[in-house]
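Engineer: Structure in structure tokens, see below.
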Amino acid sequence: MRYWSERLWELRRYPSALLGMVIILCLVGLSIVTVIAMPYDEALDRWRGGDYWRMHPRNAEPAWLDRLQGGNKPKTLIISSLDAETESVAFTGGKRLKIPLHFDYDFSEFPSEINLFLKAEKHTREPFARLTWHTPDRREIPLGGRRVSASDRFSLSQDWALQRRLGLLPQVGLLARPGTDSPEVLPGRYTLVLDAVLFDEAAEITADLVVYGRVHGIAGTDHQRRDLLLALLWGTPIALAFGLLAAVGTTLTTLVIAATGVWFGGRLDAAIQRLTEINMILPLLPILVMVGTLYSTSIWLMLGVVVLLGIFSASAKMYRAMLLPIRESPYIQAAQAYGASNSRIILHYLVPRILPVLIPTFVTLIPAFVFLEASLAVLGLGDPVLPTWGKVLNDAQNESALYNHYYYWVLAPALLLMLTGLGFALLGFALDRVFNPRLRRI
Amino acid sequence: MNPSKNPSIPKKAEGLLRDLKLMLLLTGKRIIALVLMVLIGVYLTILIANMGGRVDELRLVQIRSEISEAVRGDLSFRELDSEERNQLIQRRVDLEVRRLNLDRPFLLRSFNYLYRAMRLDLGRAEQMHSDMGSREVHAIILERLPATLLLFGTANLLIFFLSVYIALWLSRHYGSLLDRIVIVLAPTSAAPAWFYGIFLILFFAFLVPILPSGGMVRAPPPEDNWNYTLSVLKHMALPVLAMLLSQIFISIYSWRTFFLIHSSEDYVELARAKGLPSRMIERRYILRPTLAPVITSFMLMLISMWSGAIILERTFSWPGLGTLIFQAIGHHDTPVIIGSVVIFAYLLAFSILVLDIIYGIVDPRVRIGAAQ
């Protein structure tokens, strides 16, 4: 034990090791917070996409990034009829509601979309709704009307008739200053008046006007309106878990196999040697690709294949070379003399002797596997349901994020990957110097 | 056979002859071993690719649905009643099954596959075809191989020679500013090349558009050879740079450490004490005894690069083997995927063979060990 604590204490002399440890601790902390704050099932369910994200803008960049550049791009505004002053006029067999939905708009750019979500309840006959758009300079733009089903949506920005009438995209034309060549935003208070006729006294109608912005939150959103923060946060525990499990799985099994071969020698050793050689010509990534294409891209299957192919990896030869002289050392003979079993000698006497040399390799292996997972995801072979950094990168690549200037989409997961890689690599390099006395002299 | 124990020192020509014999022996032994390795490796690949016949079932379903769609969509079969149509579909399915050899037991097929794979007869692709229009898997793969070899050969050679050269320099100027910079930058190699590729594309293709973001040659390709070469070079710049960035610091770092350890050996100290020029010390006293490990690590780097190729090529849309595998994934074209794995296995085995031979040439212990 003293050996270990002394070695670890030595680490404090390496600022890079401290930096690496700080990064790793931050990532571990982030994972713990993520896992507690948002349960696994919930995260998976949300990441699947769909209705949960309907009030989020598409491809919005992070808000802070825009503000940092001095921009004033619009945020998403959600105006609910629950906060509006509704005028209600009753008539026999129903009522007429006038719901004004106000919002102040003073951003420099036009919104990306405008939608109105309607929810009508407790009716026997579908209510009728008519929309009017009031601009700050007191123009009124009728937006037409129609019957409202139980859960309905008016997509103002996809209203082709309106677009033809305005001569501009609706979300631009509705908020533009009239009479200018290139459209510019007319700041001020806009009102969407929802005039609804309900054919039942008990009937209710609620409306949410969503003026989608161009910036969103800390991490922005993707093409399916999903908040990237979810994937970036959940990517951390997944990446760490995958890296750690794969590194533990491959190094420990390899080590034990190598030790077994060295201890028993003879045919077993030769067989292990040959298997290592065969394994050397099996290309890891193409095989993973093959397994991913033909079976399933589940992260656990990938982990299993990685560990399986890692058992007889080339490092087995290195361990063997290190273990061979140890096998002949007197303390092993002493152990044999007192009647230690084979497994005891392998696990308690041989393996621990070369663990110190293994620690640095082990630490530097973790980021390698983190990147392997990301690589598979970038190839489109990521786990189908898990939100991971690699999958964010893959989505970004499929949507040509760089070409469309959605740089945040690529940079955020890439930076997190880099940070993980750097953290472990910094620590691993320092550990290498501490545990390999030959390097310490230099 | 140990030469140091041999009292009569053989003459030069005799020694050469003996070495040649030993080398042939070594090469022969290694070739046999490697062929066996490839045989087992390829068979494993085939087994993985067809585990439990699930893939066959999937393919049967796919064949059936495709054929029935084709028959239903064909106007000339509209007159047929459903009975006849079903018979037609069944006939076509049977034909297709026989074409793909799906009616024979897997064990038999697996040995057939193995035999053909070993002869590089990789069968016909199901969906894909080469640019020349051939559906032979080996034609498709061979068409892509030069692109991969060009890109990765260039990058590897560049990285290897640059890093060994710089590392030698650094080991002489140990502790200098550049040395410390390399040590600080070494951990950045934790990220693979494709990762740097993304950033490079961002900078050099979009923010400062001076280099193409992907592909191998301008479209349409230039007519004359000179411009063609220039265009290819331009397209190669970013991927090569990406590989350089991801590999160079770690390899300089490890070479530097390696040379430092070896330059503190007693015989090097003695050479220094004798006052030999530092170039000579480097060549004769440091590089020569470390040549075997240097070469090993070069080949190992090459081997690891083969696998990394897939993603880097995809990032830069480089039309090599990696992109081919990626496209084959998209098409679910099993023969092409298996074929690529086989080719990769061959490439790896070939790399190892070359490594062994070079090893035998530079290290006398190896060739003598082989003869025993």
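In the structure tokens, each chain is lettered A, B, ... as it comes, each chain's residues begin at 1, and ligands are numbered from 1 in order of appearance.
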I want to know what sits within 6 Å of stretch 247-254 of chain A, based on only C-alpha atoms, with residues of the same chain fewer than 4 positions away left out; could you give that as a PDB file with N, CA and C atoms, in the first residue's frame?
Structural biologist:
```pdb
ATOM      1  N   GLY A 243     -15.570   3.896 -21.875  1.00  0.00           N
ATOM      2  CA  GLY A 243     -14.108   3.909 -21.859  1.00  0.00           C
ATOM      3  C   GLY A 243     -13.560   3.087 -20.716  1.00  0.00           C
ATOM      4  N   ALA A 258      -2.211 -13.596 -20.100  1.00  0.00           N
ATOM      5  CA  ALA A 258      -0.760 -13.640 -20.283  1.00  0.00           C
ATOM      6  C   ALA A 258      -0.108 -14.335 -19.091  1.00  0.00           C
ATOM      7  N   VAL A 307     -14.000  -6.014 -26.066  1.00  0.00           N
ATOM      8  CA  VAL A 307     -13.296  -6.757 -25.017  1.00  0.00           C
ATOM      9  C   VAL A 307     -12.830  -8.111 -25.549  1.00  0.00           C
ATOM     10  N   GLY A 310     -10.029  -7.715 -27.618  1.00  0.00           N
ATOM     11  CA  GLY A 310      -8.920  -7.142 -26.857  1.00  0.00           C
ATOM     12  C   GLY A 310      -8.211  -8.168 -25.999  1.00  0.00           C
ATOM     13  N   ILE A 311      -8.881  -9.299 -25.739  1.00  0.00           N
ATOM     14  CA  ILE A 311      -8.300 -10.280 -24.821  1.00  0.00           C
ATOM     15  C   ILE A 311      -6.926 -10.731 -25.304  1.00  0.00           C
ATOM     16  N   ALA A 316      -0.529  -8.556 -24.934  1.00  0.00           N
ATOM     17  CA  ALA A 316      -0.289  -9.820 -24.229  1.00  0.00           C
ATOM     18  C   ALA A 316       1.179 -10.223 -24.356  1.00  0.00           C
ATOM     19  N   LEU A 365      -5.583   4.249 -22.165  1.00  0.00           N
ATOM     20  CA  LEU A 365      -6.490   3.461 -22.999  1.00  0.00           C
ATOM     21  C   LEU A 365      -7.918   4.001 -22.944  1.00  0.00           C
ATOM     22  N   ILE A 366      -8.283   4.550 -21.795  1.00  0.00           N
ATOM     23  CA  ILE A 366      -9.672   5.003 -21.621  1.00  0.00           C
ATOM     24  C   ILE A 366     -10.097   5.961 -22.735  1.00  0.00           C
TER      25      ILE A 366
END
```
Engineer: Given a cut-off of 7 Å, which residues of chain A touch chain B, counting only C-alpha atoms, written out as a ChimeraX atom specification?
Structural biologist: /A:278,281-287,290,293-294,367-368,371,375,379,402,418,421-422,425-426
Engineer: Pick out the residues sitting within 9 Å of A:Arg48, and hand them over as a list in words; count only C-alpha atoms, and ignore anything fewer than 6 positions along from it in its own chain.
Structural biologist: Arg226, Val385, Leu386 and Pro387 of chain A
Engineer: Would you export the selected residues with all heavy atoms as a CSV table (one decimal), in the first residue's frame, please?
Structural biologist:
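Result file follows (part.csv):
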```
chain,number,residue,atom,x,y,z
A,226,ARG,N,-34.3,19.1,-30.9
A,226,ARG,CA,-33.9,18.6,-29.6
A,226,ARG,C,-32.8,19.5,-29.0
A,226,ARG,O,-31.9,20.0,-29.7
A,226,ARG,CB,-33.3,17.2,-29.7
A,226,ARG,CG,-34.3,16.2,-30.2
A,226,ARG,CD,-33.7,14.8,-30.4
A,226,ARG,NE,-32.7,14.8,-31.4
A,226,ARG,CZ,-32.2,13.7,-31.9
A,226,ARG,NH1,-32.6,12.5,-31.5
A,226,ARG,NH2,-31.3,13.7,-32.9
A,385,VAL,N,-30.4,4.2,-29.4
A,385,VAL,CA,-31.3,5.0,-28.5
A,385,VAL,C,-30.5,6.0,-27.6
A,385,VAL,O,-31.0,7.0,-27.1
A,385,VAL,CB,-32.1,4.1,-27.6
A,385,VAL,CG1,-33.2,3.5,-28.5
A,385,VAL,CG2,-31.3,3.1,-26.9
A,386,LEU,N,-29.2,5.7,-27.4
A,386,LEU,CA,-28.4,6.5,-26.5
A,386,LEU,C,-28.0,7.9,-27.0
A,386,LEU,O,-27.6,7.9,-28.2
A,386,LEU,CB,-27.2,5.8,-26.0
A,386,LEU,CG,-27.3,4.6,-25.1
A,386,LEU,CD1,-26.0,4.0,-24.8
A,386,LEU,CD2,-28.0,5.1,-23.8
A,387,PRO,N,-28.2,8.9,-26.2
A,387,PRO,CA,-27.6,10.2,-26.7
A,387,PRO,C,-26.1,10.2,-26.4
A,387,PRO,O,-25.7,10.2,-25.2
A,387,PRO,CB,-28.3,11.2,-25.9
A,387,PRO,CG,-28.9,10.5,-24.7
A,387,PRO,CD,-28.9,9.0,-25.0
```
Engineer: Have a look at atom CA of A:Arg46 and atom CA of A:Leu415 and let me know their distance in Å, one decimal.
Structural biologist: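 Separating atom CA of A:Arg46 from atom CA of A:Leu415 is a distance of 23.6 Å.
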Engineer: May I have all residues of stretch 46-280 of chain A that DSSP, computed from the backbone, assigns to strand (DSSP E or B), given as number ranges by chain?
Structural biologist: A: 61, 77-80, 87-91, 94-105, 113-121, 128-134, 140-147, 151-155, 176, 185, 188-198, 204-212, 215, 221, 227
Engineer: Can you tell me which residues surround B:Leu122 at a distance of at most 10 Å, considering only C-alpha atoms, apart from same-chain residues fewer than 4 positions away, and format the answer as a PyMOL selection string?
Structural biologist: chain B and resi 113-118+136-139+141+335-336+338-340+342-343
Engineer: Emit the selected residues as a compact mmCIF listing (two decimals), in the first residue's frame, including C-alpha atoms.
Structural biologist:
```txt
# COMPACT_ATOMS: atom_id res chain seq x y z
CA TYR B 113 -16.39 -18.69 -48.91
CA LEU B 114 -13.09 -19.36 -47.18
CA TYR B 115 -11.58 -21.07 -50.19
CA ARG B 116 -12.67 -18.26 -52.46
CA ALA B 117 -11.68 -15.52 -50.01
CA MET B 118 -8.18 -16.97 -49.72
CA GLU B 136 -17.01 -8.24 -58.66
CA VAL B 137 -16.11 -7.41 -55.06
CA HIS B 138 -12.40 -7.64 -55.75
CA ALA B 139 -12.72 -5.21 -58.64
CA ILE B 141 -11.98 -3.09 -53.68
CA PRO B 335 -20.04 -9.49 -49.57
CA VAL B 336 -18.37 -6.10 -49.86
CA ILE B 338 -16.65 -9.18 -45.65
CA GLY B 339 -14.40 -8.63 -48.63
CA SER B 340 -13.03 -5.43 -47.12
CA VAL B 342 -10.53 -9.91 -45.67
CA ILE B 343 -8.49 -7.36 -47.57
```
